[in-house]
Amino acid sequence: MMQRALRRATTANPIVRRAMSTAEEATGSMTLNFNLPHETIYSGASVSQVIVPGAAGEYGVTADHVPLVAQMKPGVLQILHQGVSEPEKYFVAGGFSITHPNSITDISCPEAVKVDDIDSAAATAAFEAAKAAFASAEAGGRQP
């Protein structure tokens, strides 16, 4: 009796059906659009999962994910391609992620850099220079 009621409820409402899906059912691919103001990184790319650094917490998106609009915080966006074990990682400076009901996710952010392309020595040097400039600044002063 309970199984019949549950079956009726899940076949009638697509949101409930998605929420109650198993991992095996969510193994399909999804479409990713990843855009910056000056560049399109992916347009219509077929991927298996995207892990988003959401402002409310990190979350993963797979095929048939419920629709969602989320603000992203600065962090690492991970893209898992079909048949590849290691994710492709980008540092993003924030932005928005929009997941549509048809397994399409749009990522829009002001800047993104592939993590493998980041020069750690240059980043450390720039950070140290910024700290030194901050330490030598006068309170309430303006930089020329």
# chains A, B, ... in the order shown; residues from 1 in each chain; ligands from 1
>>> residues_around(residues="His38 in chain A", least_positions_apart="6", cutoff="12 Å", atoms="only C-alpha atoms", output="list in words")
Ser108, Cys109, Pro110, Glu111 and Ala112 of chain A
>>> write_last_selection(atoms="all heavy atoms", output="mmCIF file, in the first residue's frame")
data_model
loop_
_atom_site.group_PDB
_atom_site.id
_atom_site.type_symbol
_atom_site.label_atom_id
_atom_site.label_comp_id
_atom_site.auth_asym_id
_atom_site.auth_seq_id
_atom_site.Cartn_x
_atom_site.Cartn_y
_atom_site.Cartn_z
ATOM 1 N N SER A 108 28.716 32.129 -14.474
ATOM 2 C CA SER A 108 29.132 33.452 -14.925
ATOM 3 C C SER A 108 29.908 34.109 -13.792
ATOM 4 O O SER A 108 29.396 34.239 -12.680
ATOM 5 C CB SER A 108 27.901 34.283 -15.281
ATOM 6 O OG SER A 108 28.286 35.568 -15.692
ATOM 7 N N CYS A 109 31.150 34.497 -14.079
ATOM 8 C CA CYS A 109 31.961 35.129 -13.039
ATOM 9 C C CYS A 109 32.881 36.183 -13.663
ATOM 10 O O CYS A 109 33.188 36.115 -14.845
ATOM 11 C CB CYS A 109 32.751 34.097 -12.242
ATOM 12 S SG CYS A 109 33.784 33.016 -13.182
ATOM 13 N N PRO A 110 33.279 37.165 -12.853
ATOM 14 C CA PRO A 110 34.092 38.257 -13.393
ATOM 15 C C PRO A 110 35.504 37.838 -13.794
ATOM 16 O O PRO A 110 36.088 38.414 -14.701
ATOM 17 C CB PRO A 110 34.124 39.283 -12.259
ATOM 18 C CG PRO A 110 33.847 38.508 -11.025
ATOM 19 C CD PRO A 110 32.968 37.377 -11.439
ATOM 20 N N GLU A 111 36.043 36.840 -13.138
ATOM 21 C CA GLU A 111 37.409 36.391 -13.452
ATOM 22 C C GLU A 111 37.567 34.942 -13.019
ATOM 23 O O GLU A 111 37.023 34.520 -12.010
ATOM 24 C CB GLU A 111 38.438 37.254 -12.725
ATOM 25 C CG GLU A 111 39.854 37.045 -13.188
ATOM 26 C CD GLU A 111 40.078 37.348 -14.661
ATOM 27 O OE1 GLU A 111 39.751 38.458 -15.103
ATOM 28 O OE2 GLU A 111 40.578 36.458 -15.373
ATOM 29 N N ALA A 112 38.323 34.186 -13.798
ATOM 30 C CA ALA A 112 38.637 32.793 -13.469
ATOM 31 C C ALA A 112 40.019 32.472 -14.011
ATOM 32 O O ALA A 112 40.388 32.914 -15.099
ATOM 33 C CB ALA A 112 37.610 31.840 -14.059
#
>>> residues_around(residues="Ile98 in chain A", least_positions_apart="4", cutoff="9 Å", atoms="only C-alpha atoms", output="MDAnalysis selection string")
chainID A and resid 67:71 104:108
>>> write_last_selection(atoms="N, CA and C atoms", output="JSON list (two decimals), in the first residue's frame")
[["chain", "number", "residue", "atom", "x", "y", "z"],
["A", 67, "PRO", "N", 16.45, 22.80, -10.23],
["A", 67, "PRO", "CA", 16.84, 24.16, -10.62],
["A", 67, "PRO", "C", 17.31, 24.96, -9.41],
["A", 68, "LEU", "N", 18.34, 25.78, -9.63],
["A", 68, "LEU", "CA", 18.94, 26.51, -8.52],
["A", 68, "LEU", "C", 19.68, 27.73, -9.06],
["A", 69, "VAL", "N", 19.52, 28.85, -8.37],
["A", 69, "VAL", "CA", 20.32, 30.05, -8.65],
["A", 69, "VAL", "C", 21.13, 30.31, -7.38],
["A", 70, "ALA", "N", 22.44, 30.42, -7.52],
["A", 70, "ALA", "CA", 23.29, 30.60, -6.34],
["A", 70, "ALA", "C", 24.40, 31.59, -6.62],
["A", 71, "GLN", "N", 24.69, 32.40, -5.61],
["A", 71, "GLN", "CA", 25.84, 33.29, -5.67],
["A", 71, "GLN", "C", 27.08, 32.47, -5.32],
["A", 104, "ILE", "N", 21.15, 21.82, -17.68],
["A", 104, "ILE", "CA", 22.09, 22.83, -18.16],
["A", 104, "ILE", "C", 22.45, 23.73, -17.00],
["A", 105, "THR", "N", 23.75, 23.96, -16.81],
["A", 105, "THR", "CA", 24.22, 24.87, -15.76],
["A", 105, "THR", "C", 25.05, 25.96, -16.41],
["A", 106, "ASP", "N", 24.73, 27.21, -16.06],
["A", 106, "ASP", "CA", 25.47, 28.38, -16.53],
["A", 106, "ASP", "C", 26.28, 28.92, -15.37],
["A", 107, "ILE", "N", 27.58, 29.11, -15.60],
["A", 107, "ILE", "CA", 28.47, 29.73, -14.62],
["A", 107, "ILE", "C", 28.92, 31.06, -15.22],
["A", 108, "SER", "N", 28.72, 32.13, -14.47],
["A", 108, "SER", "CA", 29.13, 33.45, -14.92],
["A", 108, "SER", "C", 29.91, 34.11, -13.79]]
>>> closest_atom_pairs(of="range 26-64 of chain A", to="range 76-93 of chain A", cutoff="9 Å", atoms="only C-alpha atoms", output="CSV")
residue,atom,partner,partner_atom,distance
A:Ser29,CA,A:Gln82,CA,7.6
A:Ser46,CA,A:His81,CA,7.5
A:Val47,CA,A:His81,CA,4.6
A:Ser48,CA,A:Gln82,CA,5.4
A:Gln49,CA,A:Leu80,CA,5.1
A:Val50,CA,A:Ile79,CA,4.6
A:Ile51,CA,A:Gln78,CA,5.0
A:Val52,CA,A:Leu77,CA,5.2
A:Pro53,CA,A:Leu77,CA,6.1
>>> write_last_selection(atoms="all heavy atoms", output="PDB file, in the first residue's frame")
ATOM      1  N   SER A  29      25.116  12.758 -18.389  1.00  0.00           N
ATOM      2  CA  SER A  29      25.913  13.972 -18.510  1.00  0.00           C
ATOM      3  C   SER A  29      25.013  15.200 -18.439  1.00  0.00           C
ATOM      4  O   SER A  29      23.807  15.125 -18.638  1.00  0.00           O
ATOM      5  CB  SER A  29      26.690  13.951 -19.823  1.00  0.00           C
ATOM      6  OG  SER A  29      25.803  14.037 -20.914  1.00  0.00           O
ATOM      7  N   SER A  46      29.712  18.917 -22.513  1.00  0.00           N
ATOM      8  CA  SER A  46      29.118  17.788 -21.807  1.00  0.00           C
ATOM      9  C   SER A  46      30.069  17.357 -20.694  1.00  0.00           C
ATOM     10  O   SER A  46      31.210  16.973 -20.956  1.00  0.00           O
ATOM     11  CB  SER A  46      28.891  16.637 -22.786  1.00  0.00           C
ATOM     12  OG  SER A  46      28.310  15.549 -22.121  1.00  0.00           O
ATOM     13  N   VAL A  47      29.616  17.456 -19.444  1.00  0.00           N
ATOM     14  CA  VAL A  47      30.419  17.086 -18.273  1.00  0.00           C
ATOM     15  C   VAL A  47      29.595  16.198 -17.362  1.00  0.00           C
ATOM     16  O   VAL A  47      28.368  16.139 -17.478  1.00  0.00           O
ATOM     17  CB  VAL A  47      30.932  18.333 -17.506  1.00  0.00           C
ATOM     18  CG1 VAL A  47      31.794  19.211 -18.399  1.00  0.00           C
ATOM     19  CG2 VAL A  47      29.793  19.136 -16.933  1.00  0.00           C
ATOM     20  N   SER A  48      30.253  15.530 -16.426  1.00  0.00           N
ATOM     21  CA  SER A  48      29.512  14.657 -15.517  1.00  0.00           C
ATOM     22  C   SER A  48      29.106  15.373 -14.228  1.00  0.00           C
ATOM     23  O   SER A  48      28.066  15.064 -13.659  1.00  0.00           O
ATOM     24  CB  SER A  48      30.315  13.399 -15.184  1.00  0.00           C
ATOM     25  OG  SER A  48      31.527  13.737 -14.556  1.00  0.00           O
ATOM     26  N   GLN A  49      29.908  16.356 -13.770  1.00  0.00           N
ATOM     27  CA  GLN A  49      29.584  17.049 -12.523  1.00  0.00           C
ATOM     28  C   GLN A  49      30.355  18.360 -12.446  1.00  0.00           C
ATOM     29  O   GLN A  49      31.463  18.475 -12.977  1.00  0.00           O
ATOM     30  CB  GLN A  49      29.923  16.187 -11.307  1.00  0.00           C
ATOM     31  CG  GLN A  49      29.541  16.817  -9.986  1.00  0.00           C
ATOM     32  CD  GLN A  49      29.876  15.927  -8.789  1.00  0.00           C
ATOM     33  OE1 GLN A  49      30.621  14.965  -8.892  1.00  0.00           O
ATOM     34  NE2 GLN A  49      29.320  16.251  -7.655  1.00  0.00           N
ATOM     35  N   VAL A  50      29.759  19.339 -11.755  1.00  0.00           N
ATOM     36  CA  VAL A  50      30.419  20.599 -11.454  1.00  0.00           C
ATOM     37  C   VAL A  50      30.290  20.814  -9.957  1.00  0.00           C
ATOM     38  O   VAL A  50      29.197  20.680  -9.397  1.00  0.00           O
ATOM     39  CB  VAL A  50      29.780  21.782 -12.217  1.00  0.00           C
ATOM     40  CG1 VAL A  50      30.457  23.084 -11.847  1.00  0.00           C
ATOM     41  CG2 VAL A  50      29.846  21.560 -13.708  1.00  0.00           C
ATOM     42  N   ILE A  51      31.396  21.126  -9.280  1.00  0.00           N
ATOM     43  CA  ILE A  51      31.374  21.426  -7.845  1.00  0.00           C
ATOM     44  C   ILE A  51      31.576  22.924  -7.709  1.00  0.00           C
ATOM     45  O   ILE A  51      32.598  23.466  -8.122  1.00  0.00           O
ATOM     46  CB  ILE A  51      32.436  20.628  -7.082  1.00  0.00           C
ATOM     47  CG1 ILE A  51      32.172  19.124  -7.281  1.00  0.00           C
ATOM     48  CG2 ILE A  51      32.425  21.003  -5.600  1.00  0.00           C
ATOM     49  CD1 ILE A  51      33.249  18.222  -6.742  1.00  0.00           C
ATOM     50  N   VAL A  52      30.557  23.588  -7.161  1.00  0.00           N
ATOM     51  CA  VAL A  52      30.474  25.044  -7.127  1.00  0.00           C
ATOM     52  C   VAL A  52      30.796  25.571  -5.729  1.00  0.00           C
ATOM     53  O   VAL A  52      30.234  25.078  -4.743  1.00  0.00           O
ATOM     54  CB  VAL A  52      29.049  25.492  -7.539  1.00  0.00           C
ATOM     55  CG1 VAL A  52      28.909  26.994  -7.488  1.00  0.00           C
ATOM     56  CG2 VAL A  52      28.707  24.961  -8.922  1.00  0.00           C
ATOM     57  N   PRO A  53      31.659  26.603  -5.628  1.00  0.00           N
ATOM     58  CA  PRO A  53      31.906  27.226  -4.321  1.00  0.00           C
ATOM     59  C   PRO A  53      30.801  28.252  -4.021  1.00  0.00           C
ATOM     60  O   PRO A  53      30.964  29.444  -4.225  1.00  0.00           O
ATOM     61  CB  PRO A  53      33.271  27.906  -4.513  1.00  0.00           C
ATOM     62  CG  PRO A  53      33.300  28.264  -5.967  1.00  0.00           C
ATOM     63  CD  PRO A  53      32.536  27.168  -6.659  1.00  0.00           C
TER      64      PRO A  53
END
>>> closest_residue(among="A:Phe134, A:Gly94, A:Val113, A:Glu128", to="Glu39 in chain A", atoms="only C-alpha atoms")
A:Val113
>>> atom_distance(atom1="CA of Thr62 in chain A", atom2="CA of Gly28 in chain A")
7.9 Å
>>> atom_distance(atom1="CA of His65 in chain A", atom2="CA of Thr99 in chain A")
7.4 Å
>>> select_by_dssp(residues="range 56-133 of chain A", states="strand (DSSP E)", output="PyMOL selection string")
chain A and resi 57-61+68-72+75-80+88-92+95-99+104-108+112-114
>>> closest_residue(among="A:Met72, A:Lys114, A:Ala122, A:Gly140", to="Ser97 in chain A", atoms="only C-alpha atoms")
A:Met72
>>> decode(residues="range 95-111 of chain A", atoms="N, CA, C and O atoms", output="PDB file, in the first residue's frame")
ATOM      1  N   GLY A  95      30.726  35.322  -8.441  1.00  0.00           N
ATOM      2  CA  GLY A  95      29.859  35.224  -9.603  1.00  0.00           C
ATOM      3  C   GLY A  95      28.565  34.512  -9.275  1.00  0.00           C
ATOM      4  O   GLY A  95      28.136  34.476  -8.117  1.00  0.00           O
ATOM      5  N   PHE A  96      27.954  33.920 -10.309  1.00  0.00           N
ATOM      6  CA  PHE A  96      26.672  33.240 -10.142  1.00  0.00           C
ATOM      7  C   PHE A  96      26.657  31.922 -10.889  1.00  0.00           C
ATOM      8  O   PHE A  96      27.272  31.783 -11.941  1.00  0.00           O
ATOM      9  N   SER A  97      25.917  30.969 -10.334  1.00  0.00           N
ATOM     10  CA  SER A  97      25.679  29.679 -10.952  1.00  0.00           C
ATOM     11  C   SER A  97      24.168  29.523 -11.099  1.00  0.00           C
ATOM     12  O   SER A  97      23.428  29.697 -10.125  1.00  0.00           O
ATOM     13  N   ILE A  98      23.730  29.200 -12.311  1.00  0.00           N
ATOM     14  CA  ILE A  98      22.299  29.004 -12.567  1.00  0.00           C
ATOM     15  C   ILE A  98      22.119  27.616 -13.144  1.00  0.00           C
ATOM     16  O   ILE A  98      22.649  27.313 -14.218  1.00  0.00           O
ATOM     17  N   THR A  99      21.405  26.758 -12.418  1.00  0.00           N
ATOM     18  CA  THR A  99      21.124  25.409 -12.880  1.00  0.00           C
ATOM     19  C   THR A  99      19.684  25.374 -13.365  1.00  0.00           C
ATOM     20  O   THR A  99      18.768  25.683 -12.607  1.00  0.00           O
ATOM     21  N   HIS A 100      19.502  25.009 -14.623  1.00  0.00           N
ATOM     22  CA  HIS A 100      18.184  24.958 -15.254  1.00  0.00           C
ATOM     23  C   HIS A 100      17.594  23.553 -15.111  1.00  0.00           C
ATOM     24  O   HIS A 100      18.331  22.586 -14.899  1.00  0.00           O
ATOM     25  N   PRO A 101      16.277  23.409 -15.265  1.00  0.00           N
ATOM     26  CA  PRO A 101      15.657  22.086 -15.088  1.00  0.00           C
ATOM     27  C   PRO A 101      16.038  21.066 -16.159  1.00  0.00           C
ATOM     28  O   PRO A 101      15.805  19.892 -15.986  1.00  0.00           O
ATOM     29  N   ASN A 102      16.649  21.465 -17.258  1.00  0.00           N
ATOM     30  CA  ASN A 102      16.976  20.543 -18.345  1.00  0.00           C
ATOM     31  C   ASN A 102      18.447  20.111 -18.334  1.00  0.00           C
ATOM     32  O   ASN A 102      19.028  19.876 -19.385  1.00  0.00           O
ATOM     33  N   SER A 103      19.059  20.032 -17.165  1.00  0.00           N
ATOM     34  CA  SER A 103      20.450  19.599 -16.983  1.00  0.00           C
ATOM     35  C   SER A 103      21.466  20.529 -17.636  1.00  0.00           C
ATOM     36  O   SER A 103      22.521  20.094 -18.079  1.00  0.00           O
ATOM     37  N   ILE A 104      21.150  21.818 -17.677  1.00  0.00           N
ATOM     38  CA  ILE A 104      22.086  22.830 -18.164  1.00  0.00           C
ATOM     39  C   ILE A 104      22.450  23.730 -16.998  1.00  0.00           C
ATOM     40  O   ILE A 104      21.579  24.196 -16.269  1.00  0.00           O
ATOM     41  N   THR A 105      23.747  23.957 -16.808  1.00  0.00           N
ATOM     42  CA  THR A 105      24.220  24.870 -15.762  1.00  0.00           C
ATOM     43  C   THR A 105      25.050  25.962 -16.412  1.00  0.00           C
ATOM     44  O   THR A 105      25.930  25.685 -17.226  1.00  0.00           O
ATOM     45  N   ASP A 106      24.725  27.209 -16.059  1.00  0.00           N
ATOM     46  CA  ASP A 106      25.466  28.377 -16.527  1.00  0.00           C
ATOM     47  C   ASP A 106      26.283  28.922 -15.367  1.00  0.00           C
ATOM     48  O   ASP A 106      25.743  29.166 -14.293  1.00  0.00           O
ATOM     49  N   ILE A 107      27.579  29.115 -15.596  1.00  0.00           N
ATOM     50  CA  ILE A 107      28.469  29.733 -14.618  1.00  0.00           C
ATOM     51  C   ILE A 107      28.920  31.062 -15.218  1.00  0.00           C
ATOM     52  O   ILE A 107      29.429  31.096 -16.338  1.00  0.00           O
ATOM     53  N   SER A 108      28.716  32.129 -14.474  1.00  0.00           N
ATOM     54  CA  SER A 108      29.132  33.452 -14.925  1.00  0.00           C
ATOM     55  C   SER A 108      29.908  34.109 -13.792  1.00  0.00           C
ATOM     56  O   SER A 108      29.396  34.239 -12.680  1.00  0.00           O
ATOM     57  N   CYS A 109      31.150  34.497 -14.079  1.00  0.00           N
ATOM     58  CA  CYS A 109      31.961  35.129 -13.039  1.00  0.00           C
ATOM     59  C   CYS A 109      32.881  36.183 -13.663  1.00  0.00           C
ATOM     60  O   CYS A 109      33.188  36.115 -14.845  1.00  0.00           O
ATOM     61  N   PRO A 110      33.279  37.165 -12.853  1.00  0.00           N
ATOM     62  CA  PRO A 110      34.092  38.257 -13.393  1.00  0.00           C
ATOM     63  C   PRO A 110      35.504  37.838 -13.794  1.00  0.00           C
ATOM     64  O   PRO A 110      36.088  38.414 -14.701  1.00  0.00           O
ATOM     65  N   GLU A 111      36.043  36.840 -13.138  1.00  0.00           N
ATOM     66  CA  GLU A 111      37.409  36.391 -13.452  1.00  0.00           C
ATOM     67  C   GLU A 111      37.567  34.942 -13.019  1.00  0.00           C
ATOM     68  O   GLU A 111      37.023  34.520 -12.010  1.00  0.00           O
TER      69      GLU A 111
END
